[in-house]
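Shown next, in structure tokens, is the structure this report addresses.
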Amino acid sequence: MKVNYADIVISAASKKQYPKAPIPEIALAGRSNVGKSSFINKMIQRKNLARTSSKPGKTQTLNFYIINDLFHFVDVPGYGYAKVSKKERAKWGEMMEEYFSEREQLRATALIIDSRHKPTEDDVIMYNYLKHFGLPVMVIATKLDKLKKSQKHKQLKTIQEVLEMEEEDTLIPFSSETGEGKELAWKTMLAHLNM
Ligand code: GTP
Ligand code: MG
């Protein structure tokens with residue numbers, strides 16, 4: 001897929017601010033600092049349109065990006081960051097529920113997982129949460145560049161097993177450093193978008 005145009009539409013804190021245009025969407029989910037924003041940037045070949053940071057908790061709102069006037073990427077705040085108050089956590093939960101339960105044009109999600117580690121408890125909860133909304137989940141095993149070649153197969157197998165991934169869901173080995181997995185990610189996304 002050649003991306004000719006990509007821009008931020010809005011950083012939304014609540015439903016009222018979601019874009020009204022009825023175009024299909026793919027939402028990202030994943031642990032704080034796992035590489036969600038980097039995934040978007042790599043997919044659309046932009047250095048820092050989706051803002052990345054080495055500090056966790058950078059993305060705090062639902063950030064809608066428009067791609068080629070065809071679909072939205074929605075960058076979602078991460079979970080599992082320890083230094084978050086109870087109040088902030090509750091607000092995050094409400095924001096997730098409001099979006100995932102009601103957004104009609106949401107076609108699929110990309111759950112970003114760190115390929116170096118076994119999925120965390122939060123990763124498993126998030127996978128099941130997304131499935132409970134009936135959404136297809138592309139599991140993006142990112143930071144693959146940090147793994148030795150000999151470890152890759154085993155790590156990918158562990159991710160698939162720990163998440164108990166369903167048949168319809170695709171596991172995509174990925175690296176935002178090298179661009180590995182980009183083609184499979186595009187192919188899978190376009191299929192979910194019916195494009
Ligand atoms: P929050 O918005 O805080 O939830 O983080 P995020 O999930 O959007 O992560 P972000 O894309 O900001 O990346 C976090 C850090 O991981 C940055 O320092 C990135 O450069 C690094 N990173 C992301 N993807 C990769 C990857 O594939 N390989 C390597 N080596 N580093 C990566
Ligand atoms: Mg981010």
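We name chains A, B, ... following the order of the structure tokens; residues begin at 1 in each chain, and ligands are numbered from 1 as shown.
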Query raised in the report: Skipping near chain neighbours, those fewer than 2 positions away, what residues fall within 12 Å of Glu166 in chain A using only C-alpha atoms, listed as a ChimeraX atom specification?
Result: /A:127-128,130-131,134-139,160-164,168-171
I need the residues from that last selection saved to file as a CSV table (one decimal), in the first residue's frame (with N, CA and C atoms), if you can.
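That gives us result17.csv:
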chain,number,residue,atom,x,y,z
A,127,TYR,N,-6.4,-9.0,25.0
A,127,TYR,CA,-6.8,-9.8,23.9
A,127,TYR,C,-8.3,-10.3,24.1
A,128,ASN,N,-8.6,-10.8,25.3
A,128,ASN,CA,-9.9,-11.3,25.5
A,128,ASN,C,-11.0,-10.2,25.5
A,130,LEU,N,-10.9,-7.5,23.6
A,130,LEU,CA,-11.1,-7.2,22.2
A,130,LEU,C,-12.0,-8.3,21.6
A,131,LYS,N,-11.7,-9.5,21.9
A,131,LYS,CA,-12.5,-10.6,21.3
A,131,LYS,C,-13.9,-10.5,21.8
A,134,GLY,N,-16.2,-8.9,19.7
A,134,GLY,CA,-16.3,-9.6,18.4
A,134,GLY,C,-15.4,-9.1,17.3
A,135,LEU,N,-14.3,-8.4,17.8
A,135,LEU,CA,-13.4,-7.8,16.8
A,135,LEU,C,-12.2,-8.8,16.4
A,136,PRO,N,-11.9,-8.7,15.1
A,136,PRO,CA,-10.7,-9.4,14.7
A,136,PRO,C,-9.5,-8.8,15.3
A,137,VAL,N,-8.5,-9.5,15.8
A,137,VAL,CA,-7.3,-9.0,16.4
A,137,VAL,C,-6.1,-9.4,15.6
A,138,MET,N,-5.4,-8.4,15.1
A,138,MET,CA,-4.1,-8.7,14.5
A,138,MET,C,-3.1,-8.6,15.6
A,139,VAL,N,-2.4,-9.7,15.9
A,139,VAL,CA,-1.4,-9.6,17.0
A,139,VAL,C,0.0,-9.2,16.4
A,160,GLN,N,1.5,-16.9,20.8
A,160,GLN,CA,0.3,-17.6,20.2
A,160,GLN,C,-0.4,-18.4,21.3
A,161,GLU,N,0.4,-19.2,22.0
A,161,GLU,CA,-0.1,-20.1,23.0
A,161,GLU,C,-0.7,-19.4,24.3
A,162,VAL,N,0.1,-18.4,24.8
A,162,VAL,CA,-0.3,-17.7,26.0
A,162,VAL,C,-1.6,-16.9,25.7
A,163,LEU,N,-1.7,-16.3,24.6
A,163,LEU,CA,-2.9,-15.6,24.3
A,163,LEU,C,-4.1,-16.5,23.9
A,164,GLU,N,-3.8,-17.7,23.6
A,164,GLU,CA,-4.8,-18.7,23.1
A,164,GLU,C,-5.5,-18.1,21.9
A,168,GLU,N,-9.1,-17.0,13.4
A,168,GLU,CA,-9.3,-15.9,12.5
A,168,GLU,C,-8.2,-14.8,12.7
A,169,ASP,N,-7.5,-14.9,13.8
A,169,ASP,CA,-6.5,-13.8,14.1
A,169,ASP,C,-5.1,-14.2,13.6
A,170,THR,N,-4.5,-13.1,13.1
A,170,THR,CA,-3.2,-13.3,12.5
A,170,THR,C,-2.0,-12.8,13.4
A,171,LEU,N,-1.0,-13.6,13.6
A,171,LEU,CA,0.2,-13.2,14.3
A,171,LEU,C,1.2,-12.6,13.3
Long-range neighbours of Glu183 in chain A as a PDB file with C-alpha atoms, in the first residue's frame, 10 Å cut-off, only C-alpha atoms, 6 positions minimum in chain:
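See selection08.pdb below for the written result:
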ATOM      1  CA  MET A   1       0.000   0.000   0.000  1.00  0.00           C
ATOM      2  CA  MET A  43       3.252   1.615   8.374  1.00  0.00           C
ATOM      3  CA  ILE A 172       2.468 -10.708  12.599  1.00  0.00           C
ATOM      4  CA  PHE A 174       7.181  -7.001  13.174  1.00  0.00           C
ATOM      5  CA  MET A 189      -5.339  -4.733   7.468  1.00  0.00           C
TER       6      MET A 189
END
Requested in this report: Determine, counting only C-alpha atoms, which protein, DNA and RNA residues have an atom within 8 Å of an atom of Pro173 in chain A; residues of the same chain fewer than 4 positions away are not included. Present the result as a list of chain:residue names.
Outcome: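 Surrounding residues, per the criterion: A:Ser115, A:Ile140, A:Ala141, A:Thr142, A:Leu144, A:Leu156, A:Glu180, A:Gly181.
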Atoms to include: N, CA and C atoms. Write the selected residues as an mmCIF file, in the first residue's frame.
data_model
loop_
_atom_site.group_PDB
_atom_site.id
_atom_site.type_symbol
_atom_site.label_atom_id
_atom_site.label_comp_id
_atom_site.auth_asym_id
_atom_site.auth_seq_id
_atom_site.Cartn_x
_atom_site.Cartn_y
_atom_site.Cartn_z
ATOM 1 N N SER A 115 7.759 -8.715 21.417
ATOM 2 C CA SER A 115 8.124 -10.092 21.033
ATOM 3 C C SER A 115 9.209 -10.693 21.921
ATOM 4 N N ILE A 140 0.459 -8.009 16.717
ATOM 5 C CA ILE A 140 1.716 -7.541 16.151
ATOM 6 C C ILE A 140 2.824 -7.787 17.174
ATOM 7 N N ALA A 141 3.680 -8.774 16.893
ATOM 8 C CA ALA A 141 4.803 -9.058 17.794
ATOM 9 C C ALA A 141 5.964 -8.170 17.377
ATOM 10 N N THR A 142 6.094 -7.027 18.074
ATOM 11 C CA THR A 142 7.046 -6.014 17.618
ATOM 12 C C THR A 142 8.408 -6.087 18.341
ATOM 13 N N LEU A 144 11.030 -7.043 17.001
ATOM 14 C CA LEU A 144 11.633 -8.304 16.566
ATOM 15 C C LEU A 144 13.132 -8.143 16.303
ATOM 16 N N LEU A 156 7.500 -16.492 19.188
ATOM 17 C CA LEU A 156 6.230 -16.332 18.472
ATOM 18 C C LEU A 156 5.236 -17.414 18.893
ATOM 19 N N GLU A 180 10.449 -5.068 9.014
ATOM 20 C CA GLU A 180 10.047 -6.470 8.849
ATOM 21 C C GLU A 180 8.571 -6.637 9.238
ATOM 22 N N GLY A 181 7.815 -7.356 8.438
ATOM 23 C CA GLY A 181 6.420 -7.633 8.761
ATOM 24 C C GLY A 181 5.430 -6.613 8.219
#
**Report entry** DSSP helix (DSSP H, G or I) selection over range 54-143 of chain A, as a PyMOL selection string
**Finding:** chain A and resi 86-102+121-132
Please produce a file of the residues just selected, as a CSV table (one decimal), in the first residue's frame, where the atoms kept are N, CA and C atoms.
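Output file out21.csv is given in full below:
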chain,number,residue,atom,x,y,z
A,86,LYS,N,-5.2,5.4,40.7
A,86,LYS,CA,-6.4,4.7,40.6
A,86,LYS,C,-7.4,5.5,39.7
A,87,LYS,N,-7.4,6.8,39.9
A,87,LYS,CA,-8.4,7.6,39.2
A,87,LYS,C,-8.0,7.6,37.7
A,88,GLU,N,-6.8,7.7,37.4
A,88,GLU,CA,-6.4,7.8,36.0
A,88,GLU,C,-6.7,6.4,35.3
A,89,ARG,N,-6.5,5.4,36.1
A,89,ARG,CA,-6.8,4.0,35.6
A,89,ARG,C,-8.3,3.9,35.3
A,90,ALA,N,-9.1,4.4,36.2
A,90,ALA,CA,-10.5,4.3,36.0
A,90,ALA,C,-10.9,5.1,34.7
A,91,LYS,N,-10.3,6.3,34.6
A,91,LYS,CA,-10.6,7.1,33.4
A,91,LYS,C,-10.2,6.4,32.1
A,92,TRP,N,-9.1,5.7,32.2
A,92,TRP,CA,-8.6,5.0,31.0
A,92,TRP,C,-9.6,3.9,30.6
A,93,GLY,N,-10.1,3.2,31.6
A,93,GLY,CA,-11.1,2.1,31.4
A,93,GLY,C,-12.4,2.6,30.8
A,94,GLU,N,-12.8,3.8,31.3
A,94,GLU,CA,-14.0,4.4,30.7
A,94,GLU,C,-13.8,4.8,29.3
A,95,MET,N,-12.7,5.3,29.0
A,95,MET,CA,-12.4,5.7,27.6
A,95,MET,C,-12.3,4.6,26.7
A,96,MET,N,-11.8,3.4,27.1
A,96,MET,CA,-11.7,2.2,26.3
A,96,MET,C,-13.1,1.7,26.0
A,97,GLU,N,-13.9,1.6,27.1
A,97,GLU,CA,-15.2,1.0,27.0
A,97,GLU,C,-16.1,1.9,26.0
A,98,GLU,N,-16.0,3.2,26.2
A,98,GLU,CA,-16.8,4.1,25.4
A,98,GLU,C,-16.4,3.9,23.9
A,99,TYR,N,-15.2,3.7,23.6
A,99,TYR,CA,-14.7,3.6,22.2
A,99,TYR,C,-15.0,2.2,21.7
A,100,PHE,N,-14.5,1.2,22.3
A,100,PHE,CA,-14.6,-0.2,21.8
A,100,PHE,C,-16.1,-0.7,21.7
A,101,SER,N,-16.9,-0.3,22.7
A,101,SER,CA,-18.3,-0.8,22.7
A,101,SER,C,-19.2,-0.1,21.7
A,102,GLU,N,-18.8,1.1,21.3
A,102,GLU,CA,-19.8,1.9,20.5
A,102,GLU,C,-19.4,2.3,19.1
A,121,GLU,N,0.0,-10.5,31.9
A,121,GLU,CA,-1.4,-10.8,32.3
A,121,GLU,C,-2.3,-9.7,31.6
A,122,ASP,N,-1.9,-8.5,31.6
A,122,ASP,CA,-2.6,-7.4,31.0
A,122,ASP,C,-2.8,-7.6,29.5
A,123,ASP,N,-1.8,-8.2,28.8
A,123,ASP,CA,-1.9,-8.5,27.4
A,123,ASP,C,-3.0,-9.5,27.1
A,124,VAL,N,-3.1,-10.5,28.0
A,124,VAL,CA,-4.1,-11.6,27.9
A,124,VAL,C,-5.5,-11.0,28.1
A,125,ILE,N,-5.6,-10.2,29.1
A,125,ILE,CA,-6.9,-9.5,29.4
A,125,ILE,C,-7.3,-8.7,28.2
A,126,MET,N,-6.4,-7.9,27.6
A,126,MET,CA,-6.7,-7.1,26.5
A,126,MET,C,-7.2,-7.9,25.3
A,127,TYR,N,-6.4,-9.0,25.0
A,127,TYR,CA,-6.8,-9.8,23.9
A,127,TYR,C,-8.3,-10.3,24.1
A,128,ASN,N,-8.6,-10.8,25.3
A,128,ASN,CA,-9.9,-11.3,25.5
A,128,ASN,C,-11.0,-10.2,25.5
A,129,TYR,N,-10.6,-9.1,26.0
A,129,TYR,CA,-11.5,-7.9,26.0
A,129,TYR,C,-11.9,-7.5,24.5
A,130,LEU,N,-10.9,-7.5,23.6
A,130,LEU,CA,-11.1,-7.2,22.2
A,130,LEU,C,-12.0,-8.3,21.6
A,131,LYS,N,-11.7,-9.5,21.9
A,131,LYS,CA,-12.5,-10.6,21.3
A,131,LYS,C,-13.9,-10.5,21.8
A,132,HIS,N,-14.1,-10.1,23.0
A,132,HIS,CA,-15.5,-10.0,23.6
A,132,HIS,C,-16.4,-9.0,22.8
Produce a table with one row for each residue of chain A that has an atom at most 9 Å from any atom of ligand 2, each row naming the nearest atom pair and its distance in Å at one decimal; use only C-alpha atoms and all ligand atoms; arrange rows by chain and rising residue number; format as a tab-separated table.
residue	atom	partner	partner_atom_place_in_ligand_line	distance
A:Ser32	CA	ligand 2	1 (Mg)	7.3
A:Asn33	CA	ligand 2	1 (Mg)	6.7
A:Val34	CA	ligand 2	1 (Mg)	8.3
A:Gly35	CA	ligand 2	1 (Mg)	6.8
A:Lys36	CA	ligand 2	1 (Mg)	5.4
A:Ser37	CA	ligand 2	1 (Mg)	4.3
A:Ser38	CA	ligand 2	1 (Mg)	7.3
A:Ala50	CA	ligand 2	1 (Mg)	7.0
A:Arg51	CA	ligand 2	1 (Mg)	6.2
A:Thr52	CA	ligand 2	1 (Mg)	5.4
A:Ser53	CA	ligand 2	1 (Mg)	7.2
A:Pro56	CA	ligand 2	1 (Mg)	8.0
A:Gly57	CA	ligand 2	1 (Mg)	7.2
A:Lys58	CA	ligand 2	1 (Mg)	5.5
A:Thr59	CA	ligand 2	1 (Mg)	4.4
A:Gln60	CA	ligand 2	1 (Mg)	8.1
A:Asp75	CA	ligand 2	1 (Mg)	6.8
A:Val76	CA	ligand 2	1 (Mg)	7.3
A:Pro77	CA	ligand 2	1 (Mg)	6.4
A:Gly78	CA	ligand 2	1 (Mg)	7.1
Those same residues, written as a PDB file, in the first residue's frame with C-alpha atoms?
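Result file follows (out-v8.pdb):
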ATOM      1  CA  SER A  32       2.470   1.430  27.502  1.00  0.00           C
ATOM      2  CA  ASN A  33       5.768   1.969  25.635  1.00  0.00           C
ATOM      3  CA  VAL A  34       5.436  -1.256  23.630  1.00  0.00           C
ATOM      4  CA  GLY A  35       5.648   0.552  20.283  1.00  0.00           C
ATOM      5  CA  LYS A  36       2.078   1.385  19.183  1.00  0.00           C
ATOM      6  CA  SER A  37       2.880   4.848  17.846  1.00  0.00           C
ATOM      7  CA  SER A  38       6.068   3.548  16.209  1.00  0.00           C
ATOM      8  CA  ALA A  50       2.245   9.556  15.786  1.00  0.00           C
ATOM      9  CA  ARG A  51       4.330  10.897  18.635  1.00  0.00           C
ATOM     10  CA  THR A  52       6.665   8.379  20.188  1.00  0.00           C
ATOM     11  CA  SER A  53       8.700   8.534  23.350  1.00  0.00           C
ATOM     12  CA  PRO A  56       5.902   5.361  28.888  1.00  0.00           C
ATOM     13  CA  GLY A  57       2.474   6.970  28.948  1.00  0.00           C
ATOM     14  CA  LYS A  58       3.042   9.392  26.095  1.00  0.00           C
ATOM     15  CA  THR A  59      -0.268   8.808  24.353  1.00  0.00           C
ATOM     16  CA  GLN A  60      -3.102   9.895  26.688  1.00  0.00           C
ATOM     17  CA  ASP A  75      -3.714   5.297  18.499  1.00  0.00           C
ATOM     18  CA  VAL A  76      -4.942   4.328  21.943  1.00  0.00           C
ATOM     19  CA  PRO A  77      -3.225   5.041  25.291  1.00  0.00           C
ATOM     20  CA  GLY A  78      -1.276   2.086  26.626  1.00  0.00           C
TER      21      GLY A  78
END
**Report entry** Contacts of Asp145 in chain A within 7 Å, only C-alpha atoms, excl. fewer than 6 positions in-chain, as a PyMOL selection string
**Finding:** chain A and resi 175+177-178
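The two atoms in question, CA of Lys47 in chain A and atom 1 (P, counted along the ligand's line) of ligand 1, are spaced 15.8 Å apart.
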Query - d(CA of Ile66 in chain A, CA of Tyr81 in chain A) in Å - result: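 Separation of CA of Ile66 in chain A and CA of Tyr81 in chain A: 27.6 Å.
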Sel. of strand (DSSP E or B) residues, range 16-190 of chain A, as an mmCIF file with N, CA and C atoms, in the first residue's frame:
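Saved file states14.cif follows:
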data_model
loop_
_atom_site.group_PDB
_atom_site.id
_atom_site.type_symbol
_atom_site.label_atom_id
_atom_site.label_comp_id
_atom_site.auth_asym_id
_atom_site.auth_seq_id
_atom_site.Cartn_x
_atom_site.Cartn_y
_atom_site.Cartn_z
ATOM 1 N N GLU A 25 -12.193 2.037 10.455
ATOM 2 C CA GLU A 25 -11.102 2.304 11.392
ATOM 3 C C GLU A 25 -10.402 1.041 11.841
ATOM 4 N N ILE A 26 -9.114 1.203 12.128
ATOM 5 C CA ILE A 26 -8.337 0.161 12.798
ATOM 6 C C ILE A 26 -7.740 0.789 14.049
ATOM 7 N N ALA A 27 -7.999 0.170 15.199
ATOM 8 C CA ALA A 27 -7.480 0.718 16.447
ATOM 9 C C ALA A 27 -6.301 -0.106 16.939
ATOM 10 N N LEU A 28 -5.358 0.593 17.562
ATOM 11 C CA LEU A 28 -4.198 -0.076 18.147
ATOM 12 C C LEU A 28 -4.428 -0.241 19.633
ATOM 13 N N ALA A 29 -3.912 -1.309 20.193
ATOM 14 C CA ALA A 29 -3.933 -1.451 21.642
ATOM 15 C C ALA A 29 -2.628 -2.104 22.050
ATOM 16 N N GLY A 30 -2.241 -1.898 23.286
ATOM 17 C CA GLY A 30 -1.008 -2.527 23.755
ATOM 18 C C GLY A 30 -0.470 -1.844 24.979
ATOM 19 N N ARG A 31 0.470 -2.513 25.612
ATOM 20 C CA ARG A 31 1.100 -1.993 26.806
ATOM 21 C C ARG A 31 1.733 -0.638 26.542
ATOM 22 N N LEU A 62 -7.313 9.380 22.592
ATOM 23 C CA LEU A 62 -7.491 8.592 21.378
ATOM 24 C C LEU A 62 -7.086 9.486 20.209
ATOM 25 N N ASN A 63 -6.004 9.113 19.551
ATOM 26 C CA ASN A 63 -5.516 9.939 18.445
ATOM 27 C C ASN A 63 -5.912 9.325 17.113
ATOM 28 N N PHE A 64 -6.725 10.072 16.370
ATOM 29 C CA PHE A 64 -7.237 9.593 15.086
ATOM 30 C C PHE A 64 -6.358 10.113 13.952
ATOM 31 N N TYR A 65 -5.854 9.194 13.127
ATOM 32 C CA TYR A 65 -5.064 9.575 11.960
ATOM 33 C C TYR A 65 -5.822 9.170 10.714
ATOM 34 N N ILE A 66 -5.852 10.039 9.724
ATOM 35 C CA ILE A 66 -6.504 9.707 8.468
ATOM 36 C C ILE A 66 -5.420 9.287 7.466
ATOM 37 N N ILE A 67 -5.670 8.168 6.791
ATOM 38 C CA ILE A 67 -4.687 7.618 5.863
ATOM 39 C C ILE A 67 -5.291 7.579 4.458
ATOM 40 N N PHE A 71 -9.099 5.412 5.447
ATOM 41 C CA PHE A 71 -9.420 4.839 6.767
ATOM 42 C C PHE A 71 -8.695 5.597 7.874
ATOM 43 N N HIS A 72 -9.109 5.339 9.101
ATOM 44 C CA HIS A 72 -8.445 5.906 10.278
ATOM 45 C C HIS A 72 -7.610 4.846 10.993
ATOM 46 N N PHE A 73 -6.446 5.272 11.437
ATOM 47 C CA PHE A 73 -5.715 4.551 12.467
ATOM 48 C C PHE A 73 -6.068 5.243 13.770
ATOM 49 N N VAL A 74 -6.375 4.492 14.816
ATOM 50 C CA VAL A 74 -6.641 5.119 16.098
ATOM 51 C C VAL A 74 -5.596 4.644 17.103
ATOM 52 N N ASP A 75 -4.766 5.583 17.524
ATOM 53 C CA ASP A 75 -3.714 5.297 18.499
ATOM 54 C C ASP A 75 -4.321 5.471 19.890
ATOM 55 N N TYR A 79 -1.624 0.446 28.367
ATOM 56 C CA TYR A 79 -1.980 -0.021 29.701
ATOM 57 C C TYR A 79 -0.749 -0.601 30.384
ATOM 58 N N LEU A 106 -15.444 0.672 13.516
ATOM 59 C CA LEU A 106 -14.243 -0.070 13.901
ATOM 60 C C LEU A 106 -14.273 -1.470 13.281
ATOM 61 N N ARG A 107 -13.279 -1.769 12.460
ATOM 62 C CA ARG A 107 -13.279 -3.029 11.718
ATOM 63 C C ARG A 107 -12.373 -4.093 12.332
ATOM 64 N N ALA A 108 -11.286 -3.659 12.929
ATOM 65 C CA ALA A 108 -10.324 -4.609 13.488
ATOM 66 C C ALA A 108 -9.400 -3.873 14.440
ATOM 67 N N THR A 109 -8.667 -4.645 15.217
ATOM 68 C CA THR A 109 -7.695 -4.032 16.118
ATOM 69 C C THR A 109 -6.323 -4.655 15.883
ATOM 70 N N ALA A 110 -5.309 -3.886 16.197
ATOM 71 C CA ALA A 110 -3.948 -4.403 16.186
ATOM 72 C C ALA A 110 -3.468 -4.380 17.631
ATOM 73 N N LEU A 111 -3.277 -5.559 18.201
ATOM 74 C CA LEU A 111 -2.760 -5.646 19.568
ATOM 75 C C LEU A 111 -1.244 -5.779 19.473
ATOM 76 N N ILE A 112 -0.558 -4.772 19.985
ATOM 77 C CA ILE A 112 0.904 -4.742 19.867
ATOM 78 C C ILE A 112 1.521 -5.399 21.101
ATOM 79 N N ILE A 113 2.354 -6.390 20.859
ATOM 80 C CA ILE A 113 2.973 -7.169 21.941
ATOM 81 C C ILE A 113 4.490 -7.099 21.773
ATOM 82 N N ASP A 114 5.200 -7.058 22.877
ATOM 83 C CA ASP A 114 6.667 -7.068 22.822
ATOM 84 C C ASP A 114 7.144 -8.501 22.566
ATOM 85 N N VAL A 137 -8.516 -9.531 15.771
ATOM 86 C CA VAL A 137 -7.320 -8.963 16.397
ATOM 87 C C VAL A 137 -6.083 -9.400 15.616
ATOM 88 N N MET A 138 -5.374 -8.430 15.078
ATOM 89 C CA MET A 138 -4.064 -8.733 14.499
ATOM 90 C C MET A 138 -3.068 -8.596 15.646
ATOM 91 N N VAL A 139 -2.351 -9.657 15.943
ATOM 92 C CA VAL A 139 -1.366 -9.563 17.025
ATOM 93 C C VAL A 139 -0.010 -9.218 16.402
ATOM 94 N N ILE A 140 0.459 -8.009 16.717
ATOM 95 C CA ILE A 140 1.716 -7.541 16.151
ATOM 96 C C ILE A 140 2.824 -7.787 17.174
ATOM 97 N N ALA A 141 3.680 -8.774 16.893
ATOM 98 C CA ALA A 141 4.803 -9.058 17.794
ATOM 99 C C ALA A 141 5.964 -8.170 17.377
ATOM 100 N N THR A 142 6.094 -7.027 18.074
ATOM 101 C CA THR A 142 7.046 -6.014 17.618
ATOM 102 C C THR A 142 8.408 -6.087 18.341
ATOM 103 N N LEU A 171 -1.026 -13.596 13.559
ATOM 104 C CA LEU A 171 0.158 -13.179 14.309
ATOM 105 C C LEU A 171 1.160 -12.600 13.313
ATOM 106 N N ILE A 172 1.588 -11.379 13.548
ATOM 107 C CA ILE A 172 2.468 -10.708 12.599
ATOM 108 C C ILE A 172 3.798 -10.317 13.252
ATOM 109 N N PRO A 173 4.864 -11.045 12.951
ATOM 110 C CA PRO A 173 6.181 -10.665 13.456
ATOM 111 C C PRO A 173 6.576 -9.330 12.834
#
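Restricting the calculation to only C-alpha atoms, the smallest distance between Gln17 in chain A and any of A:Thr61, A:Ser85, A:His153, A:Leu193 is found for A:Thr61.
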Query raised in the report: When you draw a straight line from atom 15 (C, counted along the ligand's line) of ligand 1 to CA of His192 in chain A, how long is it in Å?
Result: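 Computed distance, atom 15 (C, counted along the ligand's line) of ligand 1 to CA of His192 in chain A, equals 26.9 Å.
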